[in-house]
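Visitor: My file is upload34.cif. It has mmCIF, C-alpha atoms and all ligand atoms:
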```
data_structure
#
loop_
_atom_site.label_atom_id
_atom_site.label_comp_id
_atom_site.auth_asym_id
_atom_site.auth_seq_id
_atom_site.Cartn_x
_atom_site.Cartn_y
_atom_site.Cartn_z
CA MET A 1 78.74 106.60 70.51
CA SER A 2 81.96 107.92 71.98
CA VAL A 3 84.94 105.61 72.45
CA PRO A 4 85.07 104.48 76.10
CA ALA A 5 87.91 105.93 78.18
CA VAL A 6 88.55 102.42 79.54
CA SER A 7 87.12 99.15 78.32
CA PHE A 8 87.57 95.62 79.65
CA ARG A 9 86.51 92.62 77.58
CA GLY A 10 86.61 89.26 79.33
CA VAL A 11 89.47 90.44 81.53
CA SER A 12 90.88 88.04 84.13
CA ARG A 13 93.91 88.29 86.36
CA HIS A 14 94.57 85.07 88.22
CA PHE A 15 97.44 84.54 90.69
CA GLY A 16 97.81 80.76 90.78
CA SER A 17 94.47 79.55 92.09
CA VAL A 18 93.38 83.05 93.25
CA ARG A 19 90.95 84.65 90.81
CA ALA A 20 91.66 88.28 91.74
CA VAL A 21 89.77 89.51 88.66
CA ASP A 22 87.56 87.07 86.83
CA ARG A 23 86.02 87.64 83.37
CA VAL A 24 85.20 91.32 83.79
CA ASP A 25 83.46 93.33 81.05
CA LEU A 26 83.35 97.06 81.64
CA ASP A 27 83.08 100.39 79.80
CA ILE A 28 83.99 103.64 81.55
CA GLU A 29 82.89 106.74 79.63
CA PRO A 30 85.13 109.76 79.00
CA GLY A 31 84.68 112.40 81.70
CA GLU A 32 82.95 110.00 84.04
CA PHE A 33 83.52 109.81 87.80
CA PHE A 34 83.47 106.05 88.13
CA ALA A 35 83.66 104.20 91.47
CA MET A 36 84.73 100.61 92.04
CA LEU A 37 83.10 99.48 95.26
CA GLY A 38 83.46 96.17 97.07
CA PRO A 39 84.77 94.41 100.15
CA SER A 40 88.46 93.84 100.81
CA GLY A 41 89.96 91.34 98.38
CA SER A 42 87.18 91.64 95.78
CA GLY A 43 89.56 92.68 92.98
CA LYS A 44 89.19 96.48 92.82
CA THR A 45 92.87 97.35 93.19
CA THR A 46 93.87 94.66 90.70
CA CYS A 47 91.45 96.22 88.16
CA LEU A 48 93.05 99.60 88.75
CA ARG A 49 96.52 98.11 88.29
CA LEU A 50 95.38 96.51 85.03
CA ILE A 51 94.31 99.95 83.76
CA ALA A 52 97.56 101.56 84.98
CA GLY A 53 99.68 98.84 83.37
CA PHE A 54 101.29 97.58 86.61
CA GLU A 55 99.53 94.26 86.03
CA GLN A 56 98.83 92.26 82.85
CA PRO A 57 95.62 90.28 82.25
CA THR A 58 95.90 86.49 82.20
CA ALA A 59 92.95 86.58 79.76
CA GLY A 60 90.95 89.22 77.89
CA HIS A 61 91.70 92.72 76.62
CA VAL A 62 92.03 96.19 78.11
CA ARG A 63 91.62 99.25 75.89
CA ILE A 64 92.28 102.87 76.82
CA PHE A 65 90.52 105.39 74.59
CA GLY A 66 90.15 102.69 71.96
CA GLN A 67 93.82 101.63 71.95
CA ALA A 68 94.85 98.13 72.94
CA ALA A 69 96.86 98.38 76.17
CA GLU A 70 98.82 95.14 75.68
CA GLY A 71 102.52 95.81 75.79
CA VAL A 72 102.07 99.56 76.50
CA PRO A 73 104.13 100.47 79.61
CA PRO A 74 102.48 102.50 82.41
CA TYR A 75 104.21 105.79 81.55
CA LYS A 76 102.90 105.68 77.97
CA ARG A 77 99.24 105.10 78.92
CA ASN A 78 98.19 108.68 79.65
CA VAL A 79 96.96 107.37 82.98
CA ASN A 80 98.17 108.35 86.47
CA THR A 81 97.51 106.89 89.89
CA VAL A 82 97.00 108.45 93.32
CA PHE A 83 97.89 105.84 95.93
CA GLN A 84 96.40 105.56 99.40
CA ASP A 85 99.78 106.07 101.09
CA TYR A 86 100.57 109.00 98.71
CA ALA A 87 104.08 107.60 98.01
CA LEU A 88 105.77 111.02 98.25
CA PHE A 89 109.58 111.27 98.33
CA PRO A 90 110.44 112.53 101.84
CA HIS A 91 113.77 114.10 100.85
CA LEU A 92 112.31 116.17 97.99
CA SER A 93 110.46 119.48 98.38
CA VAL A 94 106.77 119.62 97.53
CA ILE A 95 107.43 121.29 94.17
CA ASP A 96 110.05 118.67 93.21
CA ASN A 97 107.68 115.89 94.26
CA VAL A 98 104.96 117.31 92.01
CA ALA A 99 107.39 117.95 89.14
CA TYR A 100 109.16 114.59 89.46
CA GLY A 101 107.49 112.86 86.52
CA LEU A 102 108.13 115.88 84.28
CA MET A 103 111.80 115.85 85.26
CA ILE A 104 112.07 112.15 84.35
CA ALA A 105 110.39 113.00 81.02
CA GLY A 106 113.17 115.58 80.43
CA MET A 107 111.21 118.83 80.82
CA PRO A 108 113.46 121.84 81.67
CA ARG A 109 113.39 123.05 85.27
CA ALA A 110 111.58 126.39 84.74
CA ALA A 111 108.81 124.81 82.66
CA ARG A 112 108.25 121.91 85.07
CA HIS A 113 108.20 124.20 88.09
CA SER A 114 105.60 126.41 86.47
CA ALA A 115 103.48 123.33 85.62
CA ALA A 116 103.89 122.10 89.22
CA GLU A 117 102.85 125.51 90.62
CA GLU A 118 99.74 125.38 88.47
CA ALA A 119 98.93 121.87 89.73
CA LEU A 120 99.47 123.01 93.34
CA SER A 121 97.02 125.89 92.79
CA MET A 122 94.47 123.42 91.42
CA VAL A 123 94.57 121.49 94.69
CA LYS A 124 94.53 124.70 96.75
CA LEU A 125 98.16 124.55 97.89
CA PRO A 126 99.73 127.53 96.11
CA GLY A 127 102.97 128.65 97.73
CA PHE A 128 103.65 125.33 99.51
CA GLY A 129 106.33 124.29 97.02
CA ALA A 130 109.37 124.82 99.24
CA ARG A 131 108.15 122.62 102.12
CA LYS A 132 109.09 119.01 102.70
CA PRO A 133 106.29 116.41 102.97
CA SER A 134 107.06 116.04 106.71
CA GLN A 135 106.04 119.71 107.18
CA LEU A 136 102.51 119.07 105.87
CA SER A 137 99.32 117.73 107.45
CA GLY A 138 97.83 114.45 106.21
CA GLY A 139 95.23 116.31 104.14
CA GLN A 140 97.90 118.52 102.56
CA ARG A 141 100.04 115.48 101.66
CA GLN A 142 97.01 113.97 100.01
CA ARG A 143 96.65 117.13 97.90
CA VAL A 144 100.33 117.02 96.91
CA ALA A 145 99.87 113.42 95.73
CA LEU A 146 96.87 114.58 93.72
CA ALA A 147 98.81 117.53 92.22
CA ARG A 148 101.63 115.16 91.24
CA ALA A 149 99.17 112.89 89.45
CA LEU A 150 97.51 115.81 87.63
CA VAL A 151 100.63 117.72 86.62
CA ASN A 152 101.02 116.09 83.20
CA LYS A 153 97.28 116.26 82.48
CA PRO A 154 96.48 112.55 82.20
CA ARG A 155 93.28 111.52 80.40
CA VAL A 156 92.44 109.03 83.14
CA LEU A 157 93.16 109.45 86.84
CA LEU A 158 93.10 106.34 89.02
CA LEU A 159 92.51 106.85 92.73
CA ASP A 160 93.07 103.90 95.08
CA GLU A 161 91.30 104.65 98.38
CA PRO A 162 92.89 108.12 98.30
CA LEU A 163 90.96 109.38 101.33
CA GLY A 164 91.36 106.29 103.50
CA ALA A 165 94.01 107.82 105.76
CA LEU A 166 92.03 111.00 106.55
CA ASP A 167 89.70 111.57 109.48
CA LEU A 168 85.96 111.72 108.78
CA LYS A 169 85.56 115.50 108.59
CA LEU A 170 88.53 116.00 106.30
CA ARG A 171 87.42 113.07 104.19
CA GLU A 172 84.01 114.63 103.62
CA GLN A 173 85.62 117.93 102.66
CA MET A 174 88.02 116.21 100.23
CA GLN A 175 85.13 114.22 98.71
CA GLU A 176 83.46 117.47 97.69
CA GLU A 177 86.71 119.00 96.46
CA LEU A 178 87.64 115.95 94.40
CA LYS A 179 84.22 115.94 92.84
CA SER A 180 84.38 119.61 91.90
CA LEU A 181 87.97 119.28 90.64
CA GLN A 182 86.89 116.39 88.44
CA ARG A 183 84.00 118.43 86.98
CA GLN A 184 86.28 121.39 86.36
CA LEU A 185 89.02 119.33 84.64
CA GLY A 186 86.73 116.90 82.80
CA ILE A 187 89.28 114.09 83.34
CA THR A 188 87.93 110.53 83.72
CA PHE A 189 88.30 109.54 87.40
CA VAL A 190 88.29 105.88 88.44
CA PHE A 191 87.97 105.72 92.20
CA VAL A 192 88.42 102.59 94.34
CA THR A 193 86.73 102.42 97.73
CA HIS A 194 85.18 99.94 100.12
CA ASP A 195 83.05 102.73 101.61
CA GLN A 196 79.59 102.63 100.08
CA GLY A 197 78.66 106.14 101.26
CA GLU A 198 81.74 107.54 99.53
CA ALA A 199 80.98 105.71 96.27
CA LEU A 200 77.30 106.73 96.24
CA SER A 201 77.93 110.38 97.07
CA MET A 202 80.79 110.97 94.62
CA ALA A 203 80.36 108.78 91.57
CA ASP A 204 78.34 109.16 88.37
CA ARG A 205 78.32 105.36 88.17
CA VAL A 206 79.34 102.59 90.53
CA ALA A 207 80.55 99.05 89.81
CA VAL A 208 80.03 96.68 92.75
CA PHE A 209 82.67 93.95 93.02
CA ASN A 210 82.42 90.58 94.72
CA GLU A 211 85.04 87.85 94.48
CA GLY A 212 86.72 89.21 91.36
CA ARG A 213 83.47 89.75 89.44
CA ILE A 214 81.38 92.87 88.84
CA VAL A 215 77.93 91.99 90.15
CA GLN A 216 76.21 95.26 89.20
CA VAL A 217 77.03 98.54 87.44
CA GLY A 218 74.71 101.51 87.63
CA SER A 219 74.00 104.99 88.91
CA PRO A 220 74.14 105.46 92.69
CA GLU A 221 70.31 105.50 92.65
CA ASP A 222 70.19 102.17 90.78
CA ILE A 223 72.67 100.56 93.13
CA TYR A 224 70.89 101.83 96.23
CA HIS A 225 67.23 101.52 95.27
CA ARG A 226 67.33 98.78 92.63
CA PRO A 227 69.92 96.19 93.67
CA GLU A 228 69.89 93.29 91.21
CA VAL A 229 71.34 90.68 93.53
CA PRO A 230 71.18 90.10 97.31
CA PHE A 231 74.93 90.81 97.65
CA VAL A 232 74.42 94.41 96.47
CA ALA A 233 71.35 94.90 98.65
CA ASP A 234 73.29 93.72 101.66
CA PHE A 235 76.65 95.42 100.96
CA VAL A 236 75.16 98.80 99.99
CA GLY A 237 73.18 100.04 102.95
CA SER A 238 72.23 96.74 104.58
CA SER A 239 68.83 96.12 103.03
CA ASN A 240 66.29 93.66 104.27
CA VAL A 241 66.01 90.66 101.99
CA LEU A 242 62.55 89.08 101.88
CA PRO A 243 61.38 85.91 100.19
CA ALA A 244 58.95 86.90 97.43
CA GLU A 245 57.32 85.34 94.42
CA ALA A 246 57.27 86.74 90.90
CA VAL A 247 54.03 85.68 89.23
CA GLN A 248 53.81 85.46 85.46
CA GLY A 249 50.56 84.05 84.06
CA LEU A 250 49.66 81.30 86.49
CA THR A 251 53.15 80.26 87.53
CA GLY A 252 55.06 81.73 90.44
CA ARG A 253 58.80 81.76 90.87
CA ALA A 254 60.70 82.40 94.10
CA VAL A 255 62.72 85.62 93.79
CA PRO A 256 64.32 87.50 96.69
CA ALA A 257 63.17 91.10 97.18
CA SER A 258 65.02 93.95 98.86
CA LEU A 259 63.45 96.47 101.20
CA ARG A 260 65.41 99.45 102.55
CA PRO A 261 65.26 99.91 106.34
CA GLU A 262 64.02 103.50 105.87
CA ALA A 263 61.00 102.18 103.91
CA VAL A 264 59.77 100.09 106.87
CA ARG A 265 57.29 102.09 108.95
CA LEU A 266 55.60 101.54 112.27
CA LEU A 267 51.81 101.84 111.85
CA PRO A 268 49.16 102.66 114.46
CA GLU A 269 47.08 99.75 113.14
CA GLY A 270 46.72 97.41 110.16
CA GLY A 271 49.80 96.22 108.30
CA HIS A 272 51.66 93.19 109.67
CA ALA A 273 52.31 92.15 113.25
CA ALA A 274 55.97 92.08 114.29
CA ARG A 275 57.99 91.99 117.51
CA VAL A 276 60.75 94.46 118.38
CA THR A 277 64.02 92.62 119.04
CA GLY A 278 66.37 95.59 119.36
CA VAL A 279 66.49 99.39 119.35
CA SER A 280 69.57 101.57 118.88
CA PHE A 281 69.81 105.33 118.85
CA LEU A 282 71.94 106.66 115.96
CA GLY A 283 71.62 110.41 116.53
CA SER A 284 69.60 111.54 113.53
CA ALA A 285 67.59 108.30 113.46
CA SER A 286 66.87 105.11 115.39
CA ARG A 287 67.47 101.63 114.11
CA VAL A 288 64.90 99.07 115.17
CA THR A 289 65.25 95.36 114.51
CA LEU A 290 62.08 93.34 114.16
CA ASP A 291 61.00 89.74 113.98
CA TRP A 292 58.24 89.33 111.39
CA ASN A 293 57.09 85.69 111.27
CA GLY A 294 60.66 84.50 111.74
CA ILE A 295 62.11 86.99 109.24
CA ARG A 296 64.55 89.52 110.64
CA LEU A 297 63.82 93.06 109.45
CA ALA A 298 65.57 96.35 110.16
CA ALA A 299 63.68 99.64 110.24
CA LEU A 300 65.23 103.10 110.32
CA LEU A 301 62.98 105.60 112.11
CA PRO A 302 63.62 109.32 111.60
CA GLY A 303 64.77 111.27 114.67
CA GLY A 304 61.83 112.51 116.74
CA THR A 305 59.68 109.43 116.05
CA PRO A 306 58.74 107.72 119.32
CA ARG A 307 60.93 104.66 119.79
CA PRO A 308 59.22 101.35 120.63
CA GLU A 309 60.37 99.24 123.59
CA GLU A 310 62.36 96.09 123.04
CA GLY A 311 59.97 93.12 123.12
CA ALA A 312 56.93 95.22 122.14
CA GLU A 313 54.39 93.91 119.62
CA VAL A 314 54.02 96.49 116.82
CA ARG A 315 52.33 96.86 113.43
CA ILE A 316 54.58 97.46 110.44
CA GLY A 317 54.09 98.30 106.77
CA TRP A 318 55.74 99.66 103.63
CA ASP A 319 54.73 100.99 100.23
CA PRO A 320 54.53 98.16 97.69
CA GLU A 321 56.84 100.20 95.40
CA ALA A 322 59.55 100.05 98.06
CA LEU A 323 59.86 96.29 97.50
CA HIS A 324 62.36 95.59 94.76
CA LEU A 325 62.56 92.14 93.14
CA MET A 326 66.17 91.03 92.59
CA GLU A 327 66.14 89.11 89.35
CA GLY A 328 69.90 89.19 88.67
CA ARG A 329 72.20 86.21 88.83
CA PRO A 330 73.29 85.57 92.46
P1 LIG B 401 91.36 95.92 99.24
O1 LIG B 401 90.12 96.75 99.38
O2 LIG B 401 91.69 95.16 100.48
O3 LIG B 401 92.53 96.64 98.65
P2 LIG B 401 90.73 94.78 96.64
O4 LIG B 401 89.28 94.64 96.35
O5 LIG B 401 91.43 95.94 96.05
O6 LIG B 401 90.97 94.73 98.20
P3 LIG B 401 92.74 93.18 95.34
O7 LIG B 401 93.88 93.89 96.00
O8 LIG B 401 92.49 93.46 93.91
O9 LIG B 401 91.40 93.42 96.15
O10 LIG B 401 92.97 91.62 95.54
C1 LIG B 401 92.09 90.63 95.03
C2 LIG B 401 92.61 89.25 95.41
O11 LIG B 401 93.81 88.97 94.70
C3 LIG B 401 92.95 89.09 96.88
O12 LIG B 401 92.59 87.78 97.27
C4 LIG B 401 94.46 89.26 96.90
O13 LIG B 401 95.04 88.57 97.99
C5 LIG B 401 94.87 88.65 95.58
N1 LIG B 401 96.10 89.24 95.04
C6 LIG B 401 96.28 90.53 94.66
N2 LIG B 401 97.54 90.73 94.21
C7 LIG B 401 98.18 89.54 94.32
C8 LIG B 401 99.51 89.08 94.01
N3 LIG B 401 100.43 89.91 93.49
N4 LIG B 401 99.78 87.79 94.24
C9 LIG B 401 98.87 86.96 94.76
N5 LIG B 401 97.61 87.31 95.06
C10 LIG B 401 97.26 88.58 94.85
#
```
Is it possible to give me this structure as structure tokens?
Guide:
Amino acid sequence: MSVPAVSFRGVSRHFGSVRAVDRVDLDIEPGEFFAMLGPSGSGKTTCLRLIAGFEQPTAGHVRIFGQAAEGVPPYKRNVNTVFQDYALFPHLSVIDNVAYGLMIAGMPRAARHSAAEEALSMVKLPGFGARKPSQLSGGQRQRVALARALVNKPRVLLLDEPLGALDLKLREQMQEELKSLQRQLGITFVFVTHDQGEALSMADRVAVFNEGRIVQVGSPEDIYHRPEVPFVADFVGSSNVLPAEAVQGLTGRAVPASLRPEAVRLLPEGGHAARVTGVSFLGSASRVTLDWNGIRLAALLPGGTPRPEEGAEVRIGWDPEALHLMEGRP
């Protein structure tokens, strides 16, 4: 077993009565692209700050590559952060922004400029060193922030919603570039986002946060197809939640089950009777809401499938394997 890049044991960070992070256990493996996903205020950024050393736990222990982090200041942790607002110095050139940390560490000018040039090439901005941040596009500023965080080759890179300020097309492009940069460098990336699509498409593993707790950790496939609790089913891709019963021997137990909208199909006959309560066209698919014996269900129909009329009585069905029992703690 390798030593985890980051480990949390019983870590809490409370601010008065606010439990920003509450009894979190977590291991992030070396070289992993790890996403922290959750709604606003669920504790993701506070977890990142605990790793960076900007915040101290009120209980529990953080370790970085096996070493206790207590009392170790941020600049000695071998960890860097890329912030959402980039936090570039407007009066410094790009190269001096990237080399700033090396200058503070006392590296001579020629050596730090050559390291900064190398970092700028890594993020596909060679030759931009003389510009000021105001002479760059939003996407280019984001790359400079990334180069600055990579310049001293940290073992762990923390990214706090780094793509949040970019438009959709640029964001998708940067998602792919970040992913390939991470593979190439082999650095452990810990990425905070509230965008489930971003977490699922980029990460090797995802931790889903709710109210300061991690409610599930797993591969994107696990999180999407096998949610353990209704919160995950609902937050990641808006699943249908159905009442179900787990039967063991002769006794049954009520357990909620999740069913992805794309698993619900309209059938020519058989199946269950349901009524269409809404239809919306999404471009590549249509989203149909249904009333099935008082239970509200969403179905995602691939583009090209005939769309039913609102109010129509239809037959619906799904593969039994598509139903996933959620046996985790709520
Ligand atoms: P977002 O996606 O909006 O950034 P988040 O999941 O990163 O949210 P945190 O920023 O970690 O959430 O905040 C978790 C909770 O802790 C919130 O209720 C927040 O208001 C509270 N909190 C964070 N920092 C402080 C602080 N310094 N003092 C008081 N409360 C704080």
Visitor: Do you have, as JSON lines, the list of residues of chain A lying at most 7 Å from ligand LIG 401 (chain B), each with its nearest atom pair and that distance in Å to one decimal, counting all atoms listed in the file and ordered by chain then number?
Guide:
```
{"residue": "A:Phe15", "atom": "CA", "partner": "B:LIG401", "partner_atom": "C9", "distance": 4.9}
{"residue": "A:Val18", "atom": "CA", "partner": "B:LIG401", "partner_atom": "O11", "distance": 6.1}
{"residue": "A:Arg19", "atom": "CA", "partner": "B:LIG401", "partner_atom": "O11", "distance": 6.5}
{"residue": "A:Ala20", "atom": "CA", "partner": "B:LIG401", "partner_atom": "O11", "distance": 3.7}
{"residue": "A:Val21", "atom": "CA", "partner": "B:LIG401", "partner_atom": "C1", "distance": 6.9}
{"residue": "A:Gly38", "atom": "CA", "partner": "B:LIG401", "partner_atom": "O4", "distance": 6.1}
{"residue": "A:Pro39", "atom": "CA", "partner": "B:LIG401", "partner_atom": "O1", "distance": 5.9}
{"residue": "A:Ser40", "atom": "CA", "partner": "B:LIG401", "partner_atom": "O2", "distance": 3.5}
{"residue": "A:Gly41", "atom": "CA", "partner": "B:LIG401", "partner_atom": "O9", "distance": 3.4}
{"residue": "A:Ser42", "atom": "CA", "partner": "B:LIG401", "partner_atom": "O4", "distance": 3.7}
{"residue": "A:Gly43", "atom": "CA", "partner": "B:LIG401", "partner_atom": "O8", "distance": 3.2}
{"residue": "A:Lys44", "atom": "CA", "partner": "B:LIG401", "partner_atom": "O5", "distance": 4.0}
{"residue": "A:Thr45", "atom": "CA", "partner": "B:LIG401", "partner_atom": "O5", "distance": 3.5}
{"residue": "A:Thr46", "atom": "CA", "partner": "B:LIG401", "partner_atom": "O8", "distance": 3.7}
{"residue": "A:Cys47", "atom": "CA", "partner": "B:LIG401", "partner_atom": "O8", "distance": 6.5}
{"residue": "A:Thr193", "atom": "CA", "partner": "B:LIG401", "partner_atom": "O1", "distance": 6.8}
{"residue": "A:His194", "atom": "CA", "partner": "B:LIG401", "partner_atom": "O1", "distance": 5.9}
{"residue": "A:Gly212", "atom": "CA", "partner": "B:LIG401", "partner_atom": "C1", "distance": 6.7}
```
Visitor: Ranking A:Tyr224, A:Glu327, A:Leu267, A:Leu102 by minimum distance to Ala244 in chain A and counting only C-alpha atoms, which one comes first?
Guide: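 Comparing A:Tyr224, A:Glu327, A:Leu267, A:Leu102 against Ala244 in chain A, the winner is A:Glu327.
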Visitor: Just checking: using only C-alpha atoms, which residue out of A:Glu245, A:Glu313, A:Glu29, A:Glu177 ends up closest to Leu266 in chain A?
Guide: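 Closest to Leu266 in chain A of all the choices is A:Glu313.
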Visitor: Using Å and a single decimal, report how far CA of Ala69 in chain A sits from CA of Ser7 in chain A.
Guide: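 If I compute the distance from CA of Ser7 in chain A to CA of Ala69 in chain A, I get 10.0 Å.
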Visitor: Looking at A:Pro73, A:Gly101, A:Gly60, A:Gly186, which one is nearest to Ala5 in chain A, with distances taken over all atoms listed in the file?
Guide: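 Checking each candidate against Ala5 in chain A, we get A:Gly186 as the closest.
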Visitor: Given only C-alpha atoms, how would the per-residue table for range 37-97 of chain A near range 140-160 of chain A read, listing every residue at most 8 Å away with its closest atom pair and distance in Å to one decimal, sorted by chain and number, as CSV?
Guide:
```
residue,atom,partner,partner_atom,distance
A:Thr45,CA,A:Asp160,CA,6.8
A:Leu48,CA,A:Leu158,CA,6.7
A:Ala52,CA,A:Leu158,CA,7.7
A:Asn78,CA,A:Pro154,CA,4.9
A:Val79,CA,A:Val156,CA,4.8
A:Asn80,CA,A:Leu157,CA,5.1
A:Thr81,CA,A:Leu158,CA,4.5
A:Val82,CA,A:Leu159,CA,4.8
A:Phe83,CA,A:Asp160,CA,5.3
A:Gln84,CA,A:Asp160,CA,5.7
A:Tyr86,CA,A:Ala145,CA,5.4
A:Ala87,CA,A:Ala145,CA,7.5
A:Leu88,CA,A:Ala145,CA,6.8
A:Val94,CA,A:Val144,CA,7.0
A:Asn97,CA,A:Arg148,CA,6.8
```
Visitor: Grab the CA of Arg265 in chain A to CA of Asp234 in chain A distance for me, in Å with one decimal place.
Guide: 19.5 Å
Visitor: At what distance in Å, to one decimal, does CA of Ser121 in chain A lie from CA of Gln184 in chain A?
Guide: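 Interatomic distance here is 13.3 Å.
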Visitor: Find the smallest box with edges along x, y and z containing every listed atom of range 100-105 of chain A, then add 8 Å on each side and report centre and edge lengths in Å to one decimal, as lines of an AutoDock Vina configuration file.
Guide:
```
center_x = 109.8
center_y = 114.0
center_z = 85.2
size_x = 20.6
size_y = 19.7
size_z = 24.4
```
Visitor: Can you give me N, CA and C atoms for range 128-142 of chain A, written as a JSON list (two decimals), in the coordinates of the input?
Guide:
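And here's rebuild30.json as it stands now:
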```json
[["chain", "number", "residue", "atom", "x", "y", "z"],
["A", 128, "PHE", "N", 103.14, 126.36, 98.60],
["A", 128, "PHE", "CA", 103.65, 125.33, 99.51],
["A", 128, "PHE", "C", 104.87, 124.60, 98.94],
["A", 129, "GLY", "N", 105.32, 125.04, 97.75],
["A", 129, "GLY", "CA", 106.33, 124.29, 97.02],
["A", 129, "GLY", "C", 107.63, 124.03, 97.75],
["A", 130, "ALA", "N", 108.06, 124.96, 98.62],
["A", 130, "ALA", "CA", 109.37, 124.82, 99.24],
["A", 130, "ALA", "C", 109.37, 123.85, 100.43],
["A", 131, "ARG", "N", 108.18, 123.50, 100.93],
["A", 131, "ARG", "CA", 108.15, 122.62, 102.12],
["A", 131, "ARG", "C", 108.53, 121.19, 101.79],
["A", 132, "LYS", "N", 108.87, 120.46, 102.83],
["A", 132, "LYS", "CA", 109.09, 119.01, 102.70],
["A", 132, "LYS", "C", 107.78, 118.32, 103.10],
["A", 133, "PRO", "N", 107.53, 117.11, 102.60],
["A", 133, "PRO", "CA", 106.29, 116.41, 102.97],
["A", 133, "PRO", "C", 106.09, 116.30, 104.48],
["A", 134, "SER", "N", 107.20, 116.18, 105.25],
["A", 134, "SER", "CA", 107.06, 116.04, 106.71],
["A", 134, "SER", "C", 106.52, 117.31, 107.36],
["A", 135, "GLN", "N", 106.55, 118.45, 106.62],
["A", 135, "GLN", "CA", 106.04, 119.71, 107.18],
["A", 135, "GLN", "C", 104.59, 119.96, 106.78],
["A", 136, "LEU", "N", 103.91, 118.92, 106.31],
["A", 136, "LEU", "CA", 102.51, 119.07, 105.87],
["A", 136, "LEU", "C", 101.59, 118.19, 106.72],
["A", 137, "SER", "N", 100.33, 118.58, 106.79],
["A", 137, "SER", "CA", 99.32, 117.73, 107.45],
["A", 137, "SER", "C", 98.95, 116.59, 106.49],
["A", 138, "GLY", "N", 98.25, 115.60, 107.03],
["A", 138, "GLY", "CA", 97.83, 114.45, 106.21],
["A", 138, "GLY", "C", 97.01, 114.89, 105.00],
["A", 139, "GLY", "N", 96.09, 115.82, 105.23],
["A", 139, "GLY", "CA", 95.23, 116.31, 104.14],
["A", 139, "GLY", "C", 96.04, 117.03, 103.07],
["A", 140, "GLN", "N", 97.06, 117.79, 103.53],
["A", 140, "GLN", "CA", 97.90, 118.52, 102.56],
["A", 140, "GLN", "C", 98.76, 117.55, 101.75],
["A", 141, "ARG", "N", 99.25, 116.49, 102.40],
["A", 141, "ARG", "CA", 100.04, 115.48, 101.66],
["A", 141, "ARG", "C", 99.19, 114.82, 100.59],
["A", 142, "GLN", "N", 97.93, 114.58, 100.96],
["A", 142, "GLN", "CA", 97.01, 113.97, 100.01],
["A", 142, "GLN", "C", 96.86, 114.88, 98.78]]
```
